[in-house]
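Just below is one structure, and these are the notes that go with it.
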Amino acid sequence: MITLAITSQKGGVGKTTLAINLAHAFANSGKRTLLVDSDPQGSVGLSLTRQSRHLSGFYDMLGNPAVSTEKIIVPTRMPTLSLIASGHSSAYELGGGSMGVTLHRVRCFLAEVEALEYDVCIIDTAAGLFGATADVLSASNGVIVPQQAEPLGVRSVPKMLEALARMRVVNPELQVLGVVLTMVKEDLPESLESAAALRNLLPSEMVMNTVIPRDDLYVRASARGLPVGVMEEGAESLMTFESLRSELEQRIVPRTSETVNYAK
Ligand SMILES: Nc1ncnc2c1ncn2[C@@H]1O[C@H](COP(=O)(O)OP(=O)(O)OP(=O)(O)O)[C@@H](O)[C@H]1O
Ligand SMILES: [Mg+2]
């Protein structure tokens, strides 16, 4: 099984949208896919199920070893796609997770998911690299960083990638798969310039070729609780995420252990 975390330092860059639609693309290609919400905001659950506030989920499992992984998995209409909502996270919101214990729980959880014969586990995270997100990264195989194509924020991306690379001290398995440009507006010069600036700033292999265009369809899909690819007008978006999935599958390779410097 491969476990991919979707992470960014900034909020609102399109992590949840990417997680949902990438999970849908993997499931659509026949891979048994589990989408896990590790963001206490509970956005995946709010987007894809109506009863998510009542669902036990990721944080219930972290806080209580008696909560079984199998019981918190929610099936979807697509046989190859299931999800786990974030659940009830009040203990973590108040006190934060305690690194050692939570990391152990996250690793046990992923081992259980693998035993249930999932091929891919995609984990949406809250903005920032702390708390449960640090534990998720310490247990994942790969991390993907969505970045909005806008002037502010692009310059901080190399530092973010370096911080992620340092997590390999705890998790030598972690592959920093790269940045996905999101909400790219083809008719806005500033958006295209920001995308070009990011490609200039980073080694070329650290920015995915596939970009996610800004499209109101994503907002409409999330309002209807659907991945964009199942919307009537969603064929083009489905192809975008198919191409991102295939790009990622080519990138997920056995890691080399050299030190990576992300500034050019
Ligand atoms: N490609 C897109 N085109 C248009 N709107 C988008 C696109 N991607 C995301 N959005 C919208 O932008 C907003 C933020 O997206 P999203 O919730 O995925 O970001 P996030 O990084 O998960 O945010 P947070 O840090 O709060 O978890 C949402 O309203 C979403 O519908
Ligand atoms: Mg989110």
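Scheme for the structure tokens: letters A, B, ... for chains in order shown; per-chain residue numbers from 1; ligand numbers from 1 in order shown.
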
Using only C-alpha atoms and all ligand atoms, find each residue of chain A with at least one atom at most 9 Å away from an atom of ligand 2; report its shortest atom-to-atom pair and that distance in Å (one decimal), sort the rows by chain and rising residue number, and return the result as JSON lines.
{"residue": "A:Gly11", "atom": "CA", "partner": "ligand 2", "partner_atom_place_in_ligand_line": "1 (Mg)", "distance": 7.3}
{"residue": "A:Gly12", "atom": "CA", "partner": "ligand 2", "partner_atom_place_in_ligand_line": "1 (Mg)", "distance": 6.6}
{"residue": "A:Val13", "atom": "CA", "partner": "ligand 2", "partner_atom_place_in_ligand_line": "1 (Mg)", "distance": 8.1}
{"residue": "A:Gly14", "atom": "CA", "partner": "ligand 2", "partner_atom_place_in_ligand_line": "1 (Mg)", "distance": 6.7}
{"residue": "A:Lys15", "atom": "CA", "partner": "ligand 2", "partner_atom_place_in_ligand_line": "1 (Mg)", "distance": 5.2}
{"residue": "A:Thr16", "atom": "CA", "partner": "ligand 2", "partner_atom_place_in_ligand_line": "1 (Mg)", "distance": 4.1}
{"residue": "A:Thr17", "atom": "CA", "partner": "ligand 2", "partner_atom_place_in_ligand_line": "1 (Mg)", "distance": 7.3}
{"residue": "A:Ala19", "atom": "CA", "partner": "ligand 2", "partner_atom_place_in_ligand_line": "1 (Mg)", "distance": 8.7}
{"residue": "A:Asp37", "atom": "CA", "partner": "ligand 2", "partner_atom_place_in_ligand_line": "1 (Mg)", "distance": 8.8}
{"residue": "A:Asp39", "atom": "CA", "partner": "ligand 2", "partner_atom_place_in_ligand_line": "1 (Mg)", "distance": 6.8}
{"residue": "A:Gln41", "atom": "CA", "partner": "ligand 2", "partner_atom_place_in_ligand_line": "1 (Mg)", "distance": 7.5}
{"residue": "A:Gly42", "atom": "CA", "partner": "ligand 2", "partner_atom_place_in_ligand_line": "1 (Mg)", "distance": 7.9}
{"residue": "A:Ser43", "atom": "CA", "partner": "ligand 2", "partner_atom_place_in_ligand_line": "1 (Mg)", "distance": 5.7}
{"residue": "A:Val44", "atom": "CA", "partner": "ligand 2", "partner_atom_place_in_ligand_line": "1 (Mg)", "distance": 7.4}
{"residue": "A:Asp124", "atom": "CA", "partner": "ligand 2", "partner_atom_place_in_ligand_line": "1 (Mg)", "distance": 6.9}
{"residue": "A:Thr125", "atom": "CA", "partner": "ligand 2", "partner_atom_place_in_ligand_line": "1 (Mg)", "distance": 6.8}
{"residue": "A:Ala126", "atom": "CA", "partner": "ligand 2", "partner_atom_place_in_ligand_line": "1 (Mg)", "distance": 6.1}
{"residue": "A:Ala127", "atom": "CA", "partner": "ligand 2", "partner_atom_place_in_ligand_line": "1 (Mg)", "distance": 7.5}

Can you pull out the residues contacting segment 72-85 of chain A? Cut-off 10 Å, using only C-alpha atoms, and skip same-chain residues under 4 positions away; I want them as JSON, numbers by chain. {"A": [20, 23, 24, 25, 26, 27, 28, 29, 30, 31, 32, 33, 34, 35, 36, 37, 38, 39, 40, 42, 43, 44, 45, 46, 48, 49, 52, 53, 54, 55, 56, 57, 58, 59, 60, 61, 67, 68, 113, 118, 119, 120, 121, 122, 123]}

Can you spit out the residues from that selection as a CSV table (one decimal), in the first residue's frame, using C-alpha atoms?
chain,number,residue,atom,x,y,z
A,20,ILE,CA,-10.9,14.2,-2.6
A,23,ALA,CA,-8.6,9.7,-4.2
A,24,HIS,CA,-11.4,9.6,-6.7
A,25,ALA,CA,-8.9,9.3,-9.6
A,26,PHE,CA,-7.1,6.4,-7.9
A,27,ALA,CA,-10.4,4.6,-7.2
A,28,ASN,CA,-11.5,5.2,-10.7
A,29,SER,CA,-8.4,3.5,-12.0
A,30,GLY,CA,-9.4,0.4,-10.0
A,31,LYS,CA,-7.2,0.9,-7.0
A,32,ARG,CA,-8.8,0.2,-3.6
A,33,THR,CA,-8.5,3.6,-2.1
A,34,LEU,CA,-9.1,5.0,1.4
A,35,LEU,CA,-9.4,8.7,1.9
A,36,VAL,CA,-8.6,9.8,5.5
A,37,ASP,CA,-9.4,13.2,7.0
A,38,SER,CA,-6.9,14.1,9.6
A,39,ASP,CA,-8.0,17.8,9.7
A,40,PRO,CA,-10.0,18.6,12.8
A,42,GLY,CA,-13.5,17.7,9.1
A,43,SER,CA,-13.7,19.1,5.6
A,44,VAL,CA,-13.5,15.7,3.7
A,45,GLY,CA,-16.5,14.4,5.7
A,46,LEU,CA,-18.4,17.7,5.3
A,48,LEU,CA,-18.6,13.9,0.9
A,49,THR,CA,-21.1,12.8,3.6
A,52,SER,CA,-20.2,13.4,9.1
A,53,ARG,CA,-20.6,15.2,12.4
A,54,HIS,CA,-21.9,12.1,14.0
A,55,LEU,CA,-19.3,9.8,12.5
A,56,SER,CA,-16.5,8.4,14.6
A,57,GLY,CA,-13.3,8.8,12.7
A,58,PHE,CA,-9.5,9.4,12.7
A,59,TYR,CA,-9.3,11.2,16.0
A,60,ASP,CA,-11.5,8.8,17.9
A,61,MET,CA,-9.2,6.0,16.7
A,67,VAL,CA,-12.0,2.0,18.3
A,68,SER,CA,-11.5,-0.4,15.4
A,113,VAL,CA,-5.6,-0.3,6.7
A,118,TYR,CA,-6.2,-1.1,0.4
A,119,ASP,CA,-3.8,-0.2,-2.4
A,120,VAL,CA,-3.7,3.6,-1.7
A,121,CYS,CA,-4.4,5.6,1.4
A,122,ILE,CA,-4.7,9.4,0.9
A,123,ILE,CA,-4.6,11.6,4.0

Nearest to Val170 of chain A, restricted to only C-alpha atoms and choosing among A:Glu247, A:Glu205, A:Asp135, A:Glu150, comes out as A:Asp135

If you count only C-alpha atoms and all ligand atoms, the residue of A:Ser138, A:Thr133, A:Ser194, A:Thr7 closest to ligand 1 turns out to be A:Thr7

Members of segment 32-231 of chain A assigned strand (DSSP E or B) by DSSP, as a PyMOL selection string: chain A and resi 33-37+74-75+81-84+120-124+142-148+175-182+184+207+213

Mind checking DSSP for segment 33-246 of chain A and telling me the helix (DSSP H, G or I) residues as a short mmCIF file (atom, residue, chain, number, x, y, z; two decimals) with N, CA, C and O atoms, in the first residue's frame?
data_model
loop_
_atom_site.label_atom_id
_atom_site.label_comp_id
_atom_site.auth_asym_id
_atom_site.auth_seq_id
_atom_site.Cartn_x
_atom_site.Cartn_y
_atom_site.Cartn_z
N SER A 43 -13.17 18.62 6.88
CA SER A 43 -13.66 19.05 5.57
C SER A 43 -14.01 17.91 4.62
O SER A 43 -14.95 18.02 3.84
N VAL A 44 -13.25 16.83 4.67
CA VAL A 44 -13.55 15.71 3.75
C VAL A 44 -14.93 15.18 4.06
O VAL A 44 -15.77 15.01 3.17
N GLY A 45 -15.18 14.94 5.34
CA GLY A 45 -16.49 14.42 5.74
C GLY A 45 -17.59 15.38 5.36
O GLY A 45 -18.63 14.99 4.83
N LEU A 46 -17.35 16.68 5.62
CA LEU A 46 -18.39 17.67 5.30
C LEU A 46 -18.64 17.71 3.80
O LEU A 46 -19.75 17.94 3.35
N SER A 47 -17.58 17.47 3.01
CA SER A 47 -17.75 17.52 1.57
C SER A 47 -18.44 16.28 1.02
O SER A 47 -19.20 16.38 0.07
N LEU A 48 -18.15 15.13 1.58
CA LEU A 48 -18.61 13.90 0.92
C LEU A 48 -19.76 13.17 1.64
O LEU A 48 -20.37 12.30 1.04
N SER A 52 -21.55 13.53 8.61
CA SER A 52 -20.18 13.38 9.10
C SER A 52 -20.00 13.82 10.55
O SER A 52 -19.15 13.30 11.25
N ARG A 53 -20.81 14.77 11.03
CA ARG A 53 -20.62 15.25 12.41
C ARG A 53 -20.85 14.12 13.42
O ARG A 53 -20.34 14.17 14.52
N HIS A 54 -21.64 13.13 13.01
CA HIS A 54 -21.95 12.05 13.95
C HIS A 54 -21.00 10.87 13.79
O HIS A 54 -21.05 9.92 14.56
N PHE A 58 -10.97 9.44 12.49
CA PHE A 58 -9.53 9.39 12.70
C PHE A 58 -9.14 9.74 14.15
O PHE A 58 -8.37 9.02 14.78
N TYR A 59 -9.69 10.82 14.68
CA TYR A 59 -9.27 11.25 16.03
C TYR A 59 -9.83 10.34 17.12
O TYR A 59 -9.19 10.17 18.16
N ASP A 60 -11.00 9.76 16.89
CA ASP A 60 -11.52 8.80 17.86
C ASP A 60 -10.58 7.60 17.94
O ASP A 60 -10.26 7.09 19.01
N MET A 61 -10.12 7.18 16.73
CA MET A 61 -9.20 6.04 16.66
C MET A 61 -7.88 6.38 17.35
O MET A 61 -7.34 5.58 18.10
N LEU A 62 -7.37 7.62 17.13
CA LEU A 62 -6.10 7.99 17.77
C LEU A 62 -6.23 8.01 19.29
O LEU A 62 -5.32 7.62 20.01
N GLY A 63 -7.38 8.49 19.76
CA GLY A 63 -7.55 8.69 21.20
C GLY A 63 -7.93 7.43 21.94
O GLY A 63 -7.78 7.36 23.16
N THR A 69 -10.40 0.19 13.35
CA THR A 69 -10.25 0.85 12.06
C THR A 69 -11.39 0.44 11.13
O THR A 69 -11.99 1.28 10.46
N GLU A 70 -11.68 -0.85 11.11
CA GLU A 70 -12.70 -1.35 10.19
C GLU A 70 -14.05 -0.66 10.43
O GLU A 70 -14.78 -0.35 9.50
N LYS A 71 -14.35 -0.40 11.72
CA LYS A 71 -15.68 0.16 12.06
C LYS A 71 -15.83 1.62 11.65
O LYS A 71 -16.95 2.12 11.52
N ILE A 72 -14.71 2.34 11.50
CA ILE A 72 -14.85 3.77 11.18
C ILE A 72 -14.75 4.04 9.67
O ILE A 72 -14.88 5.17 9.22
N SER A 90 -11.67 16.87 20.06
CA SER A 90 -11.56 17.93 21.07
C SER A 90 -10.30 17.81 21.92
O SER A 90 -9.66 18.80 22.22
N ALA A 91 -9.90 16.58 22.25
CA ALA A 91 -8.70 16.42 23.08
C ALA A 91 -7.49 17.01 22.37
O ALA A 91 -6.64 17.65 22.99
N TYR A 92 -7.42 16.82 21.05
CA TYR A 92 -6.25 17.30 20.30
C TYR A 92 -6.31 18.80 20.11
O TYR A 92 -5.31 19.48 20.14
N GLU A 93 -7.55 19.32 19.93
CA GLU A 93 -7.67 20.77 19.75
C GLU A 93 -7.24 21.48 21.03
O GLU A 93 -6.63 22.53 20.99
N LEU A 94 -7.53 20.88 22.18
CA LEU A 94 -7.17 21.51 23.45
C LEU A 94 -5.70 21.32 23.77
O LEU A 94 -4.98 22.26 24.06
N GLY A 95 -5.25 20.09 23.69
CA GLY A 95 -3.91 19.80 24.21
C GLY A 95 -2.89 19.40 23.16
O GLY A 95 -1.70 19.33 23.43
N MET A 99 3.45 13.33 20.74
CA MET A 99 4.18 12.79 19.59
C MET A 99 4.33 11.26 19.60
O MET A 99 3.80 10.58 18.74
N GLY A 100 5.02 10.72 20.63
CA GLY A 100 5.35 9.29 20.60
C GLY A 100 4.12 8.42 20.51
O GLY A 100 4.03 7.53 19.67
N VAL A 101 3.14 8.69 21.37
CA VAL A 101 1.95 7.84 21.44
C VAL A 101 1.15 7.94 20.15
O VAL A 101 0.73 6.94 19.57
N THR A 102 0.95 9.17 19.66
CA THR A 102 0.13 9.34 18.46
C THR A 102 0.81 8.71 17.26
O THR A 102 0.15 8.09 16.44
N LEU A 103 2.12 8.89 17.14
CA LEU A 103 2.83 8.32 16.01
C LEU A 103 2.66 6.80 15.99
O LEU A 103 2.39 6.20 14.94
N HIS A 104 2.77 6.20 17.16
CA HIS A 104 2.59 4.76 17.26
C HIS A 104 1.18 4.37 16.79
O HIS A 104 1.00 3.43 16.02
N ARG A 105 0.18 5.14 17.22
CA ARG A 105 -1.21 4.86 16.83
C ARG A 105 -1.39 5.02 15.31
O ARG A 105 -2.07 4.23 14.68
N VAL A 106 -0.78 6.07 14.74
CA VAL A 106 -0.93 6.29 13.29
C VAL A 106 -0.30 5.12 12.54
O VAL A 106 -0.87 4.61 11.57
N ARG A 107 0.87 4.67 13.00
CA ARG A 107 1.53 3.55 12.32
C ARG A 107 0.69 2.27 12.42
O ARG A 107 0.55 1.53 11.45
N CYS A 108 0.13 2.02 13.61
CA CYS A 108 -0.72 0.83 13.78
C CYS A 108 -1.93 0.93 12.87
O CYS A 108 -2.33 -0.04 12.22
N PHE A 109 -2.51 2.14 12.82
CA PHE A 109 -3.70 2.38 11.98
C PHE A 109 -3.38 2.04 10.52
O PHE A 109 -4.13 1.31 9.85
N LEU A 110 -2.24 2.54 10.02
CA LEU A 110 -1.91 2.29 8.61
C LEU A 110 -1.63 0.81 8.35
O LEU A 110 -1.96 0.29 7.28
N ALA A 111 -1.05 0.14 9.35
CA ALA A 111 -0.83 -1.31 9.19
C ALA A 111 -2.18 -2.02 9.09
O ALA A 111 -2.35 -2.95 8.29
N GLU A 112 -3.16 -1.55 9.87
CA GLU A 112 -4.49 -2.17 9.82
C GLU A 112 -5.16 -1.90 8.46
O GLU A 112 -5.81 -2.77 7.90
N VAL A 113 -4.99 -0.69 7.96
CA VAL A 113 -5.58 -0.34 6.65
C VAL A 113 -4.96 -1.23 5.57
O VAL A 113 -5.65 -1.78 4.71
N GLU A 114 -3.65 -1.42 5.65
CA GLU A 114 -2.96 -2.27 4.68
C GLU A 114 -3.48 -3.71 4.77
O GLU A 114 -3.71 -4.36 3.74
N ALA A 115 -3.70 -4.17 6.00
CA ALA A 115 -4.20 -5.54 6.18
C ALA A 115 -5.60 -5.68 5.58
O ALA A 115 -6.02 -6.78 5.22
N ALA A 132 -0.93 16.36 14.81
CA ALA A 132 -1.19 15.08 14.16
C ALA A 132 -0.59 15.03 12.75
O ALA A 132 -0.22 13.96 12.27
N THR A 133 -0.46 16.20 12.09
CA THR A 133 0.11 16.20 10.73
C THR A 133 1.56 15.69 10.76
O THR A 133 1.97 14.94 9.87
N ALA A 134 2.32 16.10 11.79
CA ALA A 134 3.70 15.62 11.90
C ALA A 134 3.72 14.10 12.03
O ALA A 134 4.56 13.42 11.43
N ASP A 135 2.77 13.56 12.78
CA ASP A 135 2.71 12.10 12.94
C ASP A 135 2.31 11.42 11.64
O ASP A 135 2.84 10.36 11.29
N VAL A 136 1.36 12.03 10.93
CA VAL A 136 0.94 11.46 9.65
C VAL A 136 2.13 11.43 8.68
O VAL A 136 2.39 10.43 8.02
N LEU A 137 2.90 12.53 8.66
CA LEU A 137 4.07 12.59 7.77
C LEU A 137 5.12 11.58 8.20
O LEU A 137 5.84 11.02 7.36
N SER A 138 5.21 11.35 9.48
CA SER A 138 6.21 10.39 9.98
C SER A 138 5.85 8.96 9.63
O SER A 138 6.66 8.06 9.82
N ALA A 139 4.64 8.76 9.15
CA ALA A 139 4.21 7.39 8.84
C ALA A 139 3.84 7.20 7.37
O ALA A 139 3.44 6.11 6.98
N VAL A 154 4.43 31.85 -2.88
CA VAL A 154 5.28 31.02 -3.73
C VAL A 154 6.71 30.94 -3.16
O VAL A 154 7.32 29.88 -3.11
N ARG A 155 7.20 32.06 -2.64
CA ARG A 155 8.60 32.09 -2.18
C ARG A 155 8.84 31.25 -0.93
O ARG A 155 9.98 30.87 -0.63
N SER A 156 7.78 30.96 -0.20
CA SER A 156 7.98 30.18 1.02
C SER A 156 8.02 28.67 0.73
O SER A 156 8.32 27.87 1.62
N VAL A 157 7.73 28.29 -0.51
CA VAL A 157 7.63 26.85 -0.81
C VAL A 157 8.96 26.09 -0.63
O VAL A 157 8.96 25.00 -0.05
N PRO A 158 10.12 26.64 -1.09
CA PRO A 158 11.36 25.87 -0.88
C PRO A 158 11.61 25.54 0.58
O PRO A 158 12.00 24.42 0.91
N LYS A 159 11.34 26.50 1.47
CA LYS A 159 11.54 26.26 2.91
C LYS A 159 10.62 25.14 3.41
O LYS A 159 11.01 24.30 4.21
N MET A 160 9.41 25.17 2.90
CA MET A 160 8.43 24.13 3.28
C MET A 160 8.94 22.75 2.83
O MET A 160 8.89 21.77 3.57
N LEU A 161 9.47 22.68 1.61
CA LEU A 161 9.96 21.39 1.10
C LEU A 161 11.17 20.93 1.89
O LEU A 161 11.35 19.73 2.15
N GLU A 162 12.01 21.89 2.30
CA GLU A 162 13.16 21.52 3.12
C GLU A 162 12.72 20.99 4.48
O GLU A 162 13.27 20.00 4.99
N ALA A 163 11.71 21.64 5.05
CA ALA A 163 11.18 21.16 6.34
C ALA A 163 10.64 19.74 6.18
O ALA A 163 10.86 18.88 7.05
N LEU A 164 9.99 19.48 5.06
CA LEU A 164 9.46 18.13 4.82
C LEU A 164 10.59 17.13 4.66
O LEU A 164 10.53 16.01 5.18
N ALA A 165 11.63 17.56 3.93
CA ALA A 165 12.76 16.64 3.72
C ALA A 165 13.42 16.29 5.06
O ALA A 165 13.87 15.16 5.26
N ARG A 166 13.43 17.26 5.99
CA ARG A 166 14.03 16.98 7.30
C ARG A 166 13.24 15.93 8.08
O ARG A 166 13.76 15.29 8.98
N MET A 167 11.97 15.75 7.71
CA MET A 167 11.17 14.75 8.40
C MET A 167 11.66 13.34 8.10
O MET A 167 11.28 12.38 8.75
N ARG A 168 12.55 13.23 7.11
CA ARG A 168 13.11 11.91 6.79
C ARG A 168 14.00 11.38 7.90
O ARG A 168 14.32 10.21 7.93
N VAL A 169 14.42 12.28 8.81
CA VAL A 169 15.19 11.80 9.97
C VAL A 169 14.30 10.84 10.77
O VAL A 169 14.74 9.79 11.21
N PRO A 189 -2.66 37.06 -15.99
CA PRO A 189 -1.19 37.04 -16.11
C PRO A 189 -0.49 36.79 -14.77
O PRO A 189 0.47 36.04 -14.70
N GLU A 190 -1.02 37.38 -13.68
CA GLU A 190 -0.37 37.23 -12.36
C GLU A 190 -0.35 35.75 -11.93
O GLU A 190 0.58 35.30 -11.27
N SER A 191 -1.41 35.03 -12.30
CA SER A 191 -1.49 33.62 -11.92
C SER A 191 -0.43 32.83 -12.70
O SER A 191 0.31 32.02 -12.12
N LEU A 192 -0.33 33.09 -14.00
CA LEU A 192 0.66 32.38 -14.82
C LEU A 192 2.08 32.75 -14.42
O LEU A 192 2.97 31.90 -14.37
N GLU A 193 2.27 34.05 -14.07
CA GLU A 193 3.61 34.49 -13.63
C GLU A 193 4.00 33.80 -12.32
O GLU A 193 5.15 33.42 -12.14
N SER A 194 3.03 33.65 -11.41
CA SER A 194 3.33 32.98 -10.14
C SER A 194 3.71 31.52 -10.38
O SER A 194 4.63 31.00 -9.74
N ALA A 195 2.98 30.88 -11.30
CA ALA A 195 3.29 29.48 -11.62
C ALA A 195 4.70 29.39 -12.19
O ALA A 195 5.50 28.52 -11.80
N ALA A 196 5.04 30.33 -13.10
CA ALA A 196 6.38 30.32 -13.70
C ALA A 196 7.44 30.61 -12.64
O ALA A 196 8.52 29.99 -12.64
N ALA A 197 7.13 31.53 -11.71
CA ALA A 197 8.10 31.88 -10.65
C ALA A 197 8.40 30.65 -9.79
O ALA A 197 9.56 30.40 -9.43
N LEU A 198 7.38 29.87 -9.50
CA LEU A 198 7.60 28.68 -8.68
C LEU A 198 8.46 27.66 -9.43
O LEU A 198 9.37 27.06 -8.85
N ARG A 199 8.20 27.51 -10.71
CA ARG A 199 9.01 26.57 -11.50
C ARG A 199 10.47 27.02 -11.58
O ARG A 199 11.37 26.21 -11.65
N ASN A 200 10.68 28.35 -11.56
CA ASN A 200 12.03 28.89 -11.56
C ASN A 200 12.76 28.66 -10.25
O ASN A 200 13.97 28.49 -10.20
N LEU A 201 11.97 28.71 -9.18
CA LEU A 201 12.52 28.66 -7.83
C LEU A 201 12.95 27.24 -7.43
O LEU A 201 13.86 27.07 -6.63
N SER A 204 13.22 21.36 -11.43
CA SER A 204 12.04 21.10 -12.26
C SER A 204 11.25 19.88 -11.80
O SER A 204 10.02 19.85 -11.89
N GLU A 205 11.97 18.87 -11.28
CA GLU A 205 11.24 17.64 -10.92
C GLU A 205 10.39 17.83 -9.66
O GLU A 205 9.59 16.96 -9.31
N MET A 206 10.56 18.97 -8.97
CA MET A 206 9.78 19.17 -7.75
C MET A 206 8.42 19.83 -8.00
O MET A 206 7.66 20.05 -7.07
N ASP A 216 -15.01 27.07 -11.23
CA ASP A 216 -16.13 27.09 -10.27
C ASP A 216 -16.73 25.71 -10.06
O ASP A 216 -17.42 25.47 -9.07
N LEU A 217 -16.48 24.81 -11.01
CA LEU A 217 -17.02 23.46 -10.89
C LEU A 217 -16.55 22.79 -9.58
O LEU A 217 -17.28 22.00 -8.98
N TYR A 218 -15.33 23.13 -9.12
CA TYR A 218 -14.82 22.55 -7.88
C TYR A 218 -15.66 22.99 -6.69
O TYR A 218 -15.94 22.22 -5.78
N VAL A 219 -16.07 24.26 -6.72
CA VAL A 219 -16.90 24.77 -5.62
C VAL A 219 -18.29 24.13 -5.69
O VAL A 219 -18.85 23.71 -4.67
N ARG A 220 -18.82 24.00 -6.92
CA ARG A 220 -20.14 23.39 -7.07
C ARG A 220 -20.11 21.92 -6.66
O ARG A 220 -21.03 21.43 -6.01
N ALA A 221 -19.03 21.23 -7.04
CA ALA A 221 -18.91 19.80 -6.68
C ALA A 221 -18.86 19.66 -5.17
O ALA A 221 -19.52 18.80 -4.59
N SER A 222 -18.09 20.55 -4.50
CA SER A 222 -17.97 20.40 -3.06
C SER A 222 -19.30 20.75 -2.38
O SER A 222 -19.68 20.10 -1.40
N ALA A 223 -20.06 21.68 -2.94
CA ALA A 223 -21.39 22.00 -2.37
C ALA A 223 -22.34 20.80 -2.51
O ALA A 223 -23.21 20.59 -1.68
N VAL A 228 -15.25 16.07 -8.29
CA VAL A 228 -15.61 16.83 -9.49
C VAL A 228 -15.77 15.90 -10.71
O VAL A 228 -16.58 16.15 -11.59
N GLY A 229 -15.04 14.79 -10.70
CA GLY A 229 -15.06 13.87 -11.84
C GLY A 229 -16.40 13.19 -12.05
O GLY A 229 -16.65 12.66 -13.14
N VAL A 230 -17.28 13.18 -11.05
CA VAL A 230 -18.58 12.54 -11.26
C VAL A 230 -19.65 13.56 -11.65
O VAL A 230 -20.79 13.20 -11.90
N ALA A 235 -15.84 15.91 -17.03
CA ALA A 235 -14.94 15.02 -17.78
C ALA A 235 -13.52 15.59 -17.87
O ALA A 235 -12.54 14.86 -17.68
N GLU A 236 -13.43 16.90 -18.11
CA GLU A 236 -12.10 17.50 -18.26
C GLU A 236 -11.32 17.46 -16.93
O GLU A 236 -10.14 17.15 -16.90
N SER A 237 -12.04 17.76 -15.84
CA SER A 237 -11.39 17.73 -14.52
C SER A 237 -10.96 16.32 -14.17
O SER A 237 -9.90 16.11 -13.56
N LEU A 238 -11.78 15.34 -14.55
CA LEU A 238 -11.42 13.95 -14.28
C LEU A 238 -10.10 13.63 -14.99
O LEU A 238 -9.21 12.99 -14.43
N MET A 239 -9.97 14.12 -16.25
CA MET A 239 -8.73 13.88 -17.00
C MET A 239 -7.54 14.55 -16.32
O MET A 239 -6.44 14.01 -16.28
N THR A 240 -7.76 15.74 -15.76
CA THR A 240 -6.68 16.43 -15.03
C THR A 240 -6.18 15.56 -13.88
O THR A 240 -4.98 15.36 -13.69
N PHE A 241 -7.12 15.01 -13.12
CA PHE A 241 -6.70 14.21 -11.96
C PHE A 241 -6.17 12.84 -12.37
O PHE A 241 -5.32 12.27 -11.67
N GLU A 242 -6.66 12.30 -13.49
CA GLU A 242 -6.07 11.07 -14.04
C GLU A 242 -4.60 11.32 -14.38
O GLU A 242 -3.74 10.48 -14.12
N SER A 243 -4.33 12.49 -14.96
CA SER A 243 -2.96 12.76 -15.37
C SER A 243 -2.08 12.99 -14.13
O SER A 243 -0.93 12.56 -14.08
N LEU A 244 -2.64 13.62 -13.10
CA LEU A 244 -1.88 13.79 -11.85
C LEU A 244 -1.59 12.43 -11.20
O LEU A 244 -0.48 12.16 -10.75
N ARG A 245 -2.61 11.56 -11.21
CA ARG A 245 -2.43 10.22 -10.63
C ARG A 245 -1.30 9.49 -11.35
O ARG A 245 -0.41 8.92 -10.73
N SER A 246 -1.33 9.55 -12.68
CA SER A 246 -0.33 8.79 -13.43
C SER A 246 1.06 9.40 -13.22
O SER A 246 2.05 8.67 -13.07
#

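The neighbours of Ser8 of chain A here are the residues that come within 7 Å of it, using only C-alpha atoms and leaving out any residue fewer than 6 positions away in the same chain; they are Ala127, Gly128, Val145 and Pro146 of chain A.
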
Based on the selection just made, write all heavy atoms of those residues as a PDB file, in the first residue's frame.
ATOM      1  N   ALA A 127      -3.657  22.631   7.771  1.00  0.00           N
ATOM      2  CA  ALA A 127      -2.509  23.458   7.395  1.00  0.00           C
ATOM      3  C   ALA A 127      -1.456  23.443   8.513  1.00  0.00           C
ATOM      4  O   ALA A 127      -1.802  23.415   9.691  1.00  0.00           O
ATOM      5  CB  ALA A 127      -2.977  24.885   7.134  1.00  0.00           C
ATOM      6  N   GLY A 128      -0.168  23.450   8.110  1.00  0.00           N
ATOM      7  CA  GLY A 128       0.923  23.425   9.095  1.00  0.00           C
ATOM      8  C   GLY A 128       1.500  22.030   9.227  1.00  0.00           C
ATOM      9  O   GLY A 128       0.895  21.050   8.785  1.00  0.00           O
ATOM     10  N   VAL A 145       2.420  18.613  -2.031  1.00  0.00           N
ATOM     11  CA  VAL A 145       2.201  19.963  -1.497  1.00  0.00           C
ATOM     12  C   VAL A 145       1.430  20.804  -2.520  1.00  0.00           C
ATOM     13  O   VAL A 145       2.003  21.244  -3.512  1.00  0.00           O
ATOM     14  CB  VAL A 145       3.563  20.642  -1.191  1.00  0.00           C
ATOM     15  CG1 VAL A 145       3.354  22.035  -0.615  1.00  0.00           C
ATOM     16  CG2 VAL A 145       4.396  19.782  -0.256  1.00  0.00           C
ATOM     17  N   PRO A 146       0.141  21.018  -2.296  1.00  0.00           N
ATOM     18  CA  PRO A 146      -0.576  21.920  -3.199  1.00  0.00           C
ATOM     19  C   PRO A 146      -0.174  23.370  -2.934  1.00  0.00           C
ATOM     20  O   PRO A 146       0.052  23.738  -1.780  1.00  0.00           O
ATOM     21  CB  PRO A 146      -2.058  21.710  -2.853  1.00  0.00           C
ATOM     22  CG  PRO A 146      -2.102  20.849  -1.657  1.00  0.00           C
ATOM     23  CD  PRO A 146      -0.728  20.470  -1.255  1.00  0.00           C
TER      24      PRO A 146
END

From the set A:Ile212, A:Leu116, A:Leu181, A:Ile2, which residue has the shortest atom-to-atom contact distance to ligand 1, counting only C-alpha atoms and all ligand atoms? A:Ile212

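From atom CA of Ala5 of chain A back to atom CA of Gly142 of chain A, the distance works out to 6.3 Å.
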